[in-house]
file work_5.txt (compact mmCIF, C-alpha atoms and all ligand atoms)
# COMPACT_ATOMS: atom_id res chain seq x y z
CA MET T 7 0.00 0.00 0.00
CA ALA T 8 1.48 3.32 -1.04
CA ARG T 9 1.03 5.86 1.70
CA LYS T 10 1.62 9.50 0.88
CA THR T 11 4.41 10.94 3.00
CA PHE T 12 3.26 13.47 5.56
CA ILE T 13 5.66 15.96 7.15
CA ALA T 14 4.33 18.21 9.92
CA GLY T 15 6.16 20.94 11.80
CA ASN T 16 5.39 21.41 15.49
CA TRP T 17 6.51 24.88 16.45
CA LYS T 18 5.70 24.29 20.14
CA MET T 19 5.85 27.44 22.31
CA ASN T 20 8.03 29.31 19.83
CA THR T 21 7.43 32.30 17.54
CA ASN T 22 5.79 35.60 18.34
CA LEU T 23 3.52 37.04 15.66
CA GLU T 24 6.33 38.62 13.69
CA GLU T 25 8.50 35.49 13.76
CA ALA T 26 5.59 33.24 12.84
CA THR T 27 4.65 35.47 9.93
CA LYS T 28 8.19 35.37 8.55
CA LEU T 29 8.59 31.61 9.08
CA ALA T 30 5.26 30.82 7.44
CA GLN T 31 6.07 33.09 4.50
CA ASP T 32 9.48 31.41 4.06
CA ILE T 33 7.92 27.94 4.23
CA VAL T 34 5.25 28.80 1.67
CA ALA T 35 7.91 30.31 -0.61
CA ALA T 36 10.12 27.21 -0.33
CA MET T 37 7.48 24.46 -0.49
CA GLY T 38 4.02 25.95 -1.00
CA THR T 39 3.57 24.16 -4.33
CA VAL T 40 4.82 20.71 -3.29
CA THR T 41 2.09 18.16 -3.99
CA ASP T 42 3.80 14.77 -3.68
CA VAL T 43 4.27 15.20 0.09
CA ASP T 44 1.57 16.40 2.50
CA ILE T 45 2.93 19.30 4.56
CA ALA T 46 1.46 20.93 7.66
CA ILE T 47 2.72 23.53 10.10
CA CYS T 48 1.46 23.83 13.66
CA PRO T 49 2.12 27.25 15.18
CA PRO T 50 0.98 28.38 18.63
CA TYR T 51 -2.72 29.32 18.94
CA THR T 52 -1.92 33.04 18.91
CA ASN T 53 -0.48 32.80 15.40
CA LEU T 54 -3.04 30.51 13.78
CA SER T 55 -5.16 33.21 12.14
CA GLU T 56 -2.21 35.01 10.61
CA VAL T 57 -0.52 31.81 9.44
CA ALA T 58 -3.85 30.66 7.98
CA ARG T 59 -3.90 33.80 5.86
CA ILE T 60 -0.33 33.12 4.67
CA VAL T 61 -0.76 29.44 3.76
CA LYS T 62 -4.12 30.00 2.04
CA GLY T 63 -3.90 28.97 -1.61
CA SER T 64 -0.68 26.99 -1.05
CA THR T 65 -0.35 23.25 -0.48
CA VAL T 66 0.83 23.84 3.10
CA LYS T 67 -1.90 23.01 5.60
CA LEU T 68 -2.45 24.46 9.05
CA GLY T 69 -2.39 22.44 12.26
CA ALA T 70 -2.87 23.22 15.95
CA GLN T 71 -0.85 21.76 18.81
CA ASP T 72 -3.73 20.72 21.06
CA VAL T 73 -7.47 21.15 21.53
CA TYR T 74 -10.08 20.75 24.26
CA TRP T 75 -12.98 18.34 23.80
CA GLU T 76 -15.85 20.54 25.05
CA ALA T 77 -17.55 22.77 22.49
CA SER T 78 -17.71 25.95 24.58
CA GLY T 79 -18.24 27.24 28.08
CA ALA T 80 -16.40 27.95 31.32
CA TYR T 81 -13.06 26.29 30.52
CA THR T 82 -10.59 29.11 31.03
CA GLY T 83 -7.52 28.80 28.87
CA LYS T 84 -8.94 26.15 26.57
CA VAL T 85 -9.62 26.21 22.84
CA SER T 86 -12.36 24.14 21.16
CA CYS T 87 -12.43 22.25 17.87
CA GLY T 88 -14.96 24.71 16.50
CA MET T 89 -12.65 27.61 17.27
CA LEU T 90 -9.80 25.89 15.42
CA LYS T 91 -12.04 25.13 12.46
CA SER T 92 -13.20 28.73 12.31
CA VAL T 93 -9.64 29.98 11.72
CA GLY T 94 -8.83 27.43 9.02
CA VAL T 95 -7.13 24.64 10.95
CA THR T 96 -7.03 21.21 9.26
CA TYR T 97 -4.88 19.06 11.59
CA VAL T 98 -4.53 18.90 15.34
CA ILE T 99 -1.73 17.28 17.35
CA ILE T 100 -3.17 15.26 20.23
CA GLY T 101 -1.36 13.50 23.07
CA HIS T 102 2.08 14.99 22.53
CA SER T 103 4.51 13.66 25.14
CA GLU T 104 4.98 17.18 26.51
CA GLN T 105 1.24 17.34 27.16
CA ARG T 106 1.39 13.92 28.80
CA GLN T 107 4.49 14.80 30.84
CA TYR T 108 3.70 18.35 32.00
CA PHE T 109 -0.04 18.92 31.64
CA GLY T 110 -1.74 15.77 32.83
CA GLU T 111 -2.72 14.34 29.44
CA THR T 112 -3.88 10.73 29.80
CA ASP T 113 -5.00 8.03 27.38
CA GLU T 114 -8.59 8.95 28.32
CA THR T 115 -8.19 12.65 27.57
CA VAL T 116 -6.42 11.80 24.31
CA ASN T 117 -9.40 9.65 23.32
CA LYS T 118 -11.88 12.43 24.18
CA LYS T 119 -9.90 14.95 22.15
CA VAL T 120 -9.59 12.58 19.17
CA LYS T 121 -13.35 11.97 19.15
CA ALA T 122 -14.16 15.67 19.46
CA ALA T 123 -11.69 16.56 16.70
CA LEU T 124 -13.14 13.98 14.32
CA ALA T 125 -16.70 15.06 15.07
CA ALA T 126 -15.70 18.61 14.15
CA GLY T 127 -13.95 17.57 10.94
CA LEU T 128 -10.39 18.07 12.16
CA LEU T 129 -7.71 15.49 11.34
CA PRO T 130 -5.88 14.24 14.46
CA ILE T 131 -2.14 13.57 14.63
CA ILE T 132 -1.97 11.23 17.61
CA CYS T 133 1.35 10.98 19.44
CA VAL T 134 2.56 7.84 21.18
CA GLY T 135 5.98 6.86 22.47
CA GLU T 136 7.94 5.44 25.36
CA THR T 137 10.33 7.11 27.81
CA LEU T 138 13.91 5.92 28.15
CA ASP T 139 13.10 4.14 31.44
CA GLU T 140 10.20 2.33 29.80
CA ARG T 141 12.42 1.25 26.90
CA LYS T 142 15.22 0.09 29.21
CA SER T 143 12.90 -1.87 31.46
CA GLY T 144 11.30 -3.71 28.54
CA LYS T 145 7.93 -1.96 28.89
CA MET T 146 8.09 -0.21 25.54
CA ASP T 147 5.62 -2.42 23.68
CA ASP T 148 3.12 -2.33 26.56
CA VAL T 149 3.26 1.47 26.74
CA ILE T 150 2.90 1.98 23.00
CA ALA T 151 0.09 -0.57 22.79
CA ARG T 152 -1.74 1.04 25.73
CA GLN T 153 -1.43 4.54 24.27
CA THR T 154 -2.48 3.43 20.79
CA LYS T 155 -5.45 1.40 22.03
CA GLY T 156 -6.45 4.24 24.34
CA ALA T 157 -6.44 6.77 21.55
CA PHE T 158 -8.45 4.64 19.11
CA THR T 159 -11.00 3.21 21.54
CA GLY T 160 -14.52 3.54 20.15
CA LEU T 161 -13.46 4.82 16.73
CA SER T 162 -14.99 3.43 13.55
CA ALA T 163 -12.74 2.40 10.65
CA GLU T 164 -13.97 5.46 8.80
CA ASP T 165 -12.88 7.76 11.64
CA ALA T 166 -9.56 5.96 12.11
CA ASP T 167 -8.82 6.53 8.42
CA LYS T 168 -8.72 10.27 9.11
CA CYS T 169 -6.02 9.91 11.78
CA THR T 170 -2.25 9.98 11.58
CA ILE T 171 -0.07 8.46 14.30
CA ALA T 172 3.24 10.01 15.32
CA TYR T 173 5.65 7.61 16.99
CA GLU T 174 7.79 9.83 19.18
CA PRO T 175 10.18 8.10 21.56
CA VAL T 176 10.30 10.59 24.43
CA TRP T 177 14.06 10.14 24.85
CA ALA T 178 14.60 11.38 21.29
CA ILE T 179 12.48 14.53 21.48
CA GLY T 180 14.54 17.69 21.51
CA THR T 181 17.58 15.79 22.74
CA GLY T 182 19.53 15.43 19.51
CA GLU T 183 19.28 11.66 20.00
CA THR T 184 17.41 9.91 17.22
CA ALA T 185 16.01 6.42 17.11
CA THR T 186 17.95 4.42 14.54
CA PRO T 187 15.97 3.83 11.36
CA GLN T 188 15.64 0.18 12.44
CA GLN T 189 14.37 1.10 15.93
CA ALA T 190 11.86 3.51 14.41
CA ASN T 191 10.67 1.00 11.84
CA GLU T 192 10.25 -1.76 14.41
CA ALA T 193 8.08 0.50 16.53
CA HIS T 194 6.02 1.54 13.50
CA VAL T 195 5.48 -2.08 12.46
CA PHE T 196 4.35 -2.83 16.01
CA ILE T 197 1.94 0.15 16.09
CA ARG T 198 0.51 -0.91 12.73
CA SER T 199 -0.09 -4.40 14.13
CA ILE T 200 -2.11 -2.88 17.00
CA ILE T 201 -4.21 -0.91 14.52
CA LYS T 202 -4.73 -4.08 12.49
CA GLU T 203 -5.88 -5.93 15.60
CA MET T 204 -8.32 -3.15 16.48
CA LEU T 205 -9.57 -1.96 13.11
CA GLY T 206 -8.54 -4.46 10.47
CA GLU T 207 -5.94 -4.76 7.76
CA ALA T 208 -7.23 -2.09 5.38
CA VAL T 209 -7.16 0.63 8.05
CA ALA T 210 -3.74 -0.52 9.27
CA ASP T 211 -2.31 -0.55 5.75
CA ALA T 212 -3.56 2.94 5.01
CA MET T 213 -2.58 4.48 8.38
CA ARG T 214 0.25 6.98 8.12
CA ILE T 215 2.74 6.68 10.95
CA GLN T 216 5.16 9.59 11.31
CA TYR T 217 8.42 9.39 13.20
CA GLY T 218 9.25 12.24 15.60
CA GLY T 219 12.35 12.84 17.68
CA SER T 220 15.26 14.97 16.50
CA MET T 221 14.53 14.36 12.83
CA LYS T 222 16.60 16.73 10.73
CA PRO T 223 17.91 17.07 7.16
CA GLY T 224 20.91 14.85 7.96
CA ASN T 225 18.91 11.83 9.12
CA ALA T 226 15.52 12.28 7.41
CA LYS T 227 16.34 10.39 4.25
CA GLU T 228 17.33 7.19 6.00
CA LEU T 229 14.41 7.32 8.41
CA LEU T 230 11.90 8.03 5.64
CA ALA T 231 13.31 5.18 3.54
CA GLN T 232 12.02 2.63 6.06
CA SER T 233 9.04 0.55 4.97
CA ASP T 234 6.73 1.74 7.74
CA VAL T 235 7.92 5.30 8.31
CA ASP T 236 5.43 7.45 6.45
CA GLY T 237 6.60 10.89 7.40
CA GLY T 238 7.81 12.99 10.28
CA LEU T 239 6.58 15.21 13.08
CA ILE T 240 9.32 17.76 13.38
CA GLY T 241 10.08 20.02 16.34
CA GLY T 242 13.35 21.94 16.39
CA ALA T 243 14.15 21.52 12.70
CA ALA T 244 10.74 22.95 11.75
CA LEU T 245 11.65 26.39 13.10
CA LYS T 246 13.76 27.30 10.09
CA ALA T 247 12.37 27.07 6.56
CA ASP T 248 15.60 25.67 5.11
CA SER T 249 15.95 22.84 7.62
CA PHE T 250 12.23 22.02 7.35
CA PHE T 251 12.61 21.94 3.57
CA GLY T 252 15.71 19.77 4.02
CA ILE T 253 13.38 17.16 5.51
CA VAL T 254 10.56 17.61 2.99
CA GLN T 255 12.96 17.33 0.04
CA PRO T 256 14.15 13.74 0.57
CA ALA T 257 10.55 12.79 1.35
C1 LIG T 301 8.29 16.90 18.75
O1 LIG T 301 8.23 17.46 19.81
O2 LIG T 301 7.24 16.55 18.18
C2 LIG T 301 9.61 16.65 18.14
C3 LIG T 301 9.74 15.67 17.33
O3 LIG T 301 10.63 17.50 18.53
P1 LIG T 301 12.15 17.48 17.99
O4 LIG T 301 12.10 17.31 16.51
O5 LIG T 301 12.69 18.83 18.39
O6 LIG T 301 12.83 16.35 18.67

call {"tool": "encode", "arguments": {"input": "work_5.txt", "output": "structure tokens", "more": "lines below"}}
Ligand code: PEP
result
Amino acid sequence: MARKTFIAGNWKMNTNLEEATKLAQDIVAAMGTVTDVDIAICPPYTNLSEVARIVKGSTVKLGAQDVYWEASGAYTGKVSCGMLKSVGVTYVIIGHSEQRQYFGETDETVNKKVKAALAAGLLPIICVGETLDERKSGKMDDVIARQTKGAFTGLSAEDADKCTIAYEPVWAIGTGETATPQQANEAHVFIRSIIKEMLGEAVADAMRIQYGGSMKPGNAKELLAQSDVDGGLIGGAALKADSFFGIVQPA
């Protein structure tokens, strides 16, 4: 099954309005007409409207870094799916390890967010991945299986088809350490087997699984050449148009 490569940039808590404007303009100039790779950029909430204006008419899509599952109401600090839709967001990252680690994200809240996003017509990018301790103590498969099953609980095949998974070993995020292409591929094959178990072969075959964790121009080609690595979720290297393009290019 040929899966179209999908590269997404997670800007995290970086870029003020001026910086985001410049970065988005540079990205659109460098890769706004690329059609053989799906590209998305995920700026902070405060820059979504402006970046939406910049990417409009290009092939670069807009993503958000998180969302809340309720539609509206007294949830100070939260942003709903409808709000994201209204400013032109297509994708939403859900369950990033930083959300899990610092902000109390659980498999249950991931599942609620995924369901709300799908109901609103947003496309979830669901993050899973083990910590170094979990890998060293042999719990890696259990953790990844639990996170994947948690995220996809109660989803139909049709809904699951709209999701992307990002395998992000926590020990490789922002550390400069990258999973070897073999380590990444093994994890992706395992994740795909969980999806197959839950939702069948067709959904598993079509599911795009991105790798995330210090992916950069120097290692992207080898990682993306693996049979089950269908793209990348990029942090640090997405903050400069040339390094982001250096990842999109080999893809
Ligand atoms: C991420 O946080 O999604 C990520 C992959 O970060 P980095 O590329 O900086 O490791």

call {"tool": "residues_near_point", "arguments": {"input": "work_5.txt", "point": "(13.4, 27.8, 4.8)", "cutoff": "8 Å", "atoms": "only C-alpha atoms", "output": "PyMOL selection string"}}
result
chain T and resi 29+32-33+36+246-251

call {"tool": "write_last_selection", "arguments": {"input": "work_5.txt", "atoms": "C-alpha atoms", "output": "PDB file, keeping the file's coordinate frame"}}
result
ATOM      1  CA  LEU T  29       8.590  31.610   9.080  1.00  0.00           C
ATOM      2  CA  ASP T  32       9.480  31.410   4.060  1.00  0.00           C
ATOM      3  CA  ILE T  33       7.920  27.940   4.230  1.00  0.00           C
ATOM      4  CA  ALA T  36      10.120  27.210  -0.330  1.00  0.00           C
ATOM      5  CA  LYS T 246      13.760  27.300  10.090  1.00  0.00           C
ATOM      6  CA  ALA T 247      12.370  27.070   6.560  1.00  0.00           C
ATOM      7  CA  ASP T 248      15.600  25.670   5.110  1.00  0.00           C
ATOM      8  CA  SER T 249      15.950  22.840   7.620  1.00  0.00           C
ATOM      9  CA  PHE T 250      12.230  22.020   7.350  1.00  0.00           C
ATOM     10  CA  PHE T 251      12.610  21.940   3.570  1.00  0.00           C
TER      11      PHE T 251
END

call {"tool": "closest_residue", "arguments": {"input": "work_5.txt", "among": "T:Lys227, T:Lys222, T:Arg152, T:Arg9", "to": "Gly242 in chain T", "atoms": "all atoms listed in the file"}}
result
T:Lys222

call {"tool": "atom_distance", "arguments": {"input": "work_5.txt", "atom1": "CA of Ile150 in chain T", "atom2": "CA of Ala243 in chain T"}}
result
24.8 Å

call {"tool": "atom_distance", "arguments": {"input": "work_5.txt", "atom1": "CA of Ala123 in chain T", "atom2": "CA of Met221 in chain T"}}
result
26.6 Å

call {"tool": "closest_residue", "arguments": {"input": "work_5.txt", "among": "T:Asp167, T:Ala30, T:Gly15, T:Ile99", "to": "Gly206 in chain T", "atoms": "all atoms listed in the file"}}
result
T:Asp167

call {"tool": "closest_atom_pairs", "arguments": {"input": "work_5.txt", "of": "chain T", "to": "ligand LIG 301 (chain T)", "cutoff": "8 Å", "atoms": "all atoms listed in the file", "output": "CSV"}}
result
residue,atom,partner,partner_atom,distance
T:Gly15,CA,T:LIG301,O2,7.8
T:Asn16,CA,T:LIG301,O2,5.9
T:Lys18,CA,T:LIG301,O1,7.3
T:His102,CA,T:LIG301,O2,6.9
T:Ser103,CA,T:LIG301,O1,7.5
T:Glu104,CA,T:LIG301,O1,7.5
T:Glu174,CA,T:LIG301,C3,6.4
T:Ala178,CA,T:LIG301,O6,5.9
T:Ile179,CA,T:LIG301,O6,3.4
T:Gly180,CA,T:LIG301,O6,3.6
T:Thr181,CA,T:LIG301,O6,6.3
T:Gly182,CA,T:LIG301,O6,6.8
T:Tyr217,CA,T:LIG301,C3,7.6
T:Gly218,CA,T:LIG301,C3,3.9
T:Gly219,CA,T:LIG301,O6,3.7
T:Ser220,CA,T:LIG301,O6,3.5
T:Met221,CA,T:LIG301,O4,5.3
T:Lys222,CA,T:LIG301,O4,7.3
T:Gly238,CA,T:LIG301,C3,7.8
T:Leu239,CA,T:LIG301,O2,5.3
T:Ile240,CA,T:LIG301,O4,4.2
T:Gly241,CA,T:LIG301,O3,3.4
T:Gly242,CA,T:LIG301,O5,3.8
T:Ala243,CA,T:LIG301,O4,6.0
T:Ala244,CA,T:LIG301,O4,7.5

call {"tool": "closest_atom_pairs", "arguments": {"input": "work_5.txt", "of": "range 89-138 of chain T", "to": "range 73-82 of chain T", "cutoff": "7 Å", "atoms": "only C-alpha atoms", "output": "tab-separated table"}}
result
residue	atom	partner	partner_atom	distance
T:Lys118	CA	T:Trp75	CA	6.0
T:Lys119	CA	T:Trp75	CA	4.9
T:Ala122	CA	T:Trp75	CA	5.2

call {"tool": "residues_around", "arguments": {"input": "work_5.txt", "residues": "Ala257 in chain T", "least_positions_apart": "3", "cutoff": "7 Å", "atoms": "all atoms listed in the file", "output": "compact mmCIF listing (two decimals) with C-alpha atoms, in the coordinates of the input"}}
result
# COMPACT_ATOMS: atom_id res chain seq x y z
CA THR T 11 4.41 10.94 3.00
CA VAL T 43 4.27 15.20 0.09
CA LYS T 227 16.34 10.39 4.25
CA LEU T 230 11.90 8.03 5.64
CA ILE T 253 13.38 17.16 5.51
CA VAL T 254 10.56 17.61 2.99

call {"tool": "atom_distance", "arguments": {"input": "work_5.txt", "atom1": "CA of Leu90 in chain T", "atom2": "CA of Glu136 in chain T"}}
result
28.8 Å

call {"tool": "residues_near_point", "arguments": {"input": "work_5.txt", "point": "(10.2, -1.6, 5.8)", "cutoff": "12 Å", "atoms": "all atoms listed in the file", "output": "ChimeraX atom specification"}}
result
/T:7,187-196,198,228-236

call {"tool": "closest_residue", "arguments": {"input": "work_5.txt", "among": "T:Asn22, T:Thr159, T:Asn225, T:Thr154", "to": "Thr186 in chain T", "atoms": "only C-alpha atoms"}}
result
T:Asn225

call {"tool": "residues_around", "arguments": {"input": "work_5.txt", "residues": "Leu68 in chain T", "least_positions_apart": "4", "cutoff": "6 Å", "atoms": "all atoms listed in the file", "output": "JSON, numbers by chain"}}
result
{"T": [46, 47, 95, 96]}

call {"tool": "write_last_selection", "arguments": {"input": "work_5.txt", "atoms": "C-alpha atoms", "output": "PDB file, in the frame of the given file"}}
result
ATOM      1  CA  ALA T  46       1.460  20.930   7.660  1.00  0.00           C
ATOM      2  CA  ILE T  47       2.720  23.530  10.100  1.00  0.00           C
ATOM      3  CA  VAL T  95      -7.130  24.640  10.950  1.00  0.00           C
ATOM      4  CA  THR T  96      -7.030  21.210   9.260  1.00  0.00           C
TER       5      THR T  96
END

call {"tool": "closest_residue", "arguments": {"input": "work_5.txt", "among": "T:Thr115, T:Ile197, T:Ile132, T:Thr65", "to": "Asp211 in chain T", "atoms": "only C-alpha atoms"}}
result
T:Ile197

call {"tool": "closest_residue", "arguments": {"input": "work_5.txt", "among": "T:Val120, T:Ala172, T:Ile215, T:Ala126", "to": "Gly160 in chain T", "atoms": "all atoms listed in the file"}}
result
T:Val120

call {"tool": "axis_aligned_box", "arguments": {"input": "work_5.txt", "around": "range 225-238 of chain T", "padding_each_side": "5 Å", "output": "AutoDock Vina command-line options"}}
result
--center_x 12.2 --center_y 6.8 --center_z 6.9 --size_x 23.5 --size_y 22.4 --size_z 16.7

call {"tool": "residues_around", "arguments": {"input": "work_5.txt", "residues": "Val149 in chain T", "least_positions_apart": "6", "cutoff": "9 Å", "atoms": "all atoms listed in the file", "output": "list in words"}}
result
Val134, Gly135, Glu136 and Glu140 of chain T

call {"tool": "write_last_selection", "arguments": {"input": "work_5.txt", "atoms": "C-alpha atoms", "output": "tab-separated table (two decimals), keeping the file's coordinate frame"}}
result
chain	number	residue	atom	x	y	z
T	134	VAL	CA	2.56	7.84	21.18
T	135	GLY	CA	5.98	6.86	22.47
T	136	GLU	CA	7.94	5.44	25.36
T	140	GLU	CA	10.20	2.33	29.80

call {"tool": "residues_around", "arguments": {"input": "work_5.txt", "residues": "Thr39 in chain T", "least_positions_apart": "5", "cutoff": "8 Å", "atoms": "all atoms listed in the file", "output": "PyMOL selection string"}}
result
chain T and resi 34+64-66

call {"tool": "residues_around", "arguments": {"input": "work_5.txt", "residues": "Asp165 in chain T", "least_positions_apart": "2", "cutoff": "12 Å", "atoms": "all atoms listed in the file", "output": "ChimeraX atom specification"}}
result
/T:120-130,157-163,167-170,205,209,213

call {"tool": "decode", "arguments": {"input": "work_5.txt", "residues": "range 83-96 of chain T", "atoms": "N, CA, C and O atoms", "output": "mmCIF file, in the first residue's frame"}}
result
data_model
loop_
_atom_site.group_PDB
_atom_site.id
_atom_site.type_symbol
_atom_site.label_atom_id
_atom_site.label_comp_id
_atom_site.auth_asym_id
_atom_site.auth_seq_id
_atom_site.Cartn_x
_atom_site.Cartn_y
_atom_site.Cartn_z
ATOM 1 N N GLY T 83 -8.817 29.181 29.435
ATOM 2 C CA GLY T 83 -7.522 28.803 28.866
ATOM 3 C C GLY T 83 -7.619 27.761 27.762
ATOM 4 O O GLY T 83 -6.619 27.461 27.121
ATOM 5 N N LYS T 84 -8.812 27.222 27.565
ATOM 6 C CA LYS T 84 -8.939 26.145 26.573
ATOM 7 C C LYS T 84 -9.465 26.656 25.225
ATOM 8 O O LYS T 84 -10.098 27.699 25.155
ATOM 9 N N VAL T 85 -9.205 25.865 24.197
ATOM 10 C CA VAL T 85 -9.617 26.206 22.841
ATOM 11 C C VAL T 85 -10.356 25.002 22.257
ATOM 12 O O VAL T 85 -9.895 23.864 22.391
ATOM 13 N N SER T 86 -11.520 25.247 21.650
ATOM 14 C CA SER T 86 -12.355 24.135 21.161
ATOM 15 C C SER T 86 -12.060 23.809 19.693
ATOM 16 O O SER T 86 -11.443 24.601 18.973
ATOM 17 N N CYS T 87 -12.581 22.665 19.281
ATOM 18 C CA CYS T 87 -12.432 22.245 17.874
ATOM 19 C C CYS T 87 -13.086 23.258 16.938
ATOM 20 O O CYS T 87 -12.539 23.587 15.886
ATOM 21 N N GLY T 88 -14.257 23.739 17.338
ATOM 22 C CA GLY T 88 -14.964 24.705 16.496
ATOM 23 C C GLY T 88 -14.158 25.981 16.302
ATOM 24 O O GLY T 88 -14.158 26.582 15.225
ATOM 25 N N MET T 89 -13.490 26.401 17.365
ATOM 26 C CA MET T 89 -12.647 27.607 17.268
ATOM 27 C C MET T 89 -11.507 27.381 16.285
ATOM 28 O O MET T 89 -11.192 28.247 15.468
ATOM 29 N N LEU T 90 -10.903 26.199 16.360
ATOM 30 C CA LEU T 90 -9.801 25.885 15.423
ATOM 31 C C LEU T 90 -10.320 25.846 13.991
ATOM 32 O O LEU T 90 -9.708 26.398 13.083
ATOM 33 N N LYS T 91 -11.460 25.203 13.805
ATOM 34 C CA LYS T 91 -12.042 25.130 12.455
ATOM 35 C C LYS T 91 -12.303 26.524 11.904
ATOM 36 O O LYS T 91 -12.071 26.805 10.727
ATOM 37 N N SER T 92 -12.786 27.400 12.776
ATOM 38 C CA SER T 92 -13.198 28.732 12.309
ATOM 39 C C SER T 92 -12.026 29.576 11.817
ATOM 40 O O SER T 92 -12.227 30.541 11.096
ATOM 41 N N VAL T 93 -10.796 29.216 12.225
ATOM 42 C CA VAL T 93 -9.643 29.982 11.716
ATOM 43 C C VAL T 93 -8.880 29.212 10.640
ATOM 44 O O VAL T 93 -7.780 29.595 10.256
ATOM 45 N N GLY T 94 -9.453 28.105 10.163
ATOM 46 C CA GLY T 94 -8.834 27.435 9.017
ATOM 47 C C GLY T 94 -7.878 26.305 9.348
ATOM 48 O O GLY T 94 -7.049 25.916 8.517
ATOM 49 N N VAL T 95 -7.995 25.761 10.564
ATOM 50 C CA VAL T 95 -7.127 24.644 10.947
ATOM 51 C C VAL T 95 -7.635 23.335 10.322
ATOM 52 O O VAL T 95 -8.834 23.085 10.283
ATOM 53 N N THR T 96 -6.700 22.515 9.836
ATOM 54 C CA THR T 96 -7.026 21.210 9.259
ATOM 55 C C THR T 96 -6.637 20.071 10.212
ATOM 56 O O THR T 96 -7.403 19.141 10.433
#
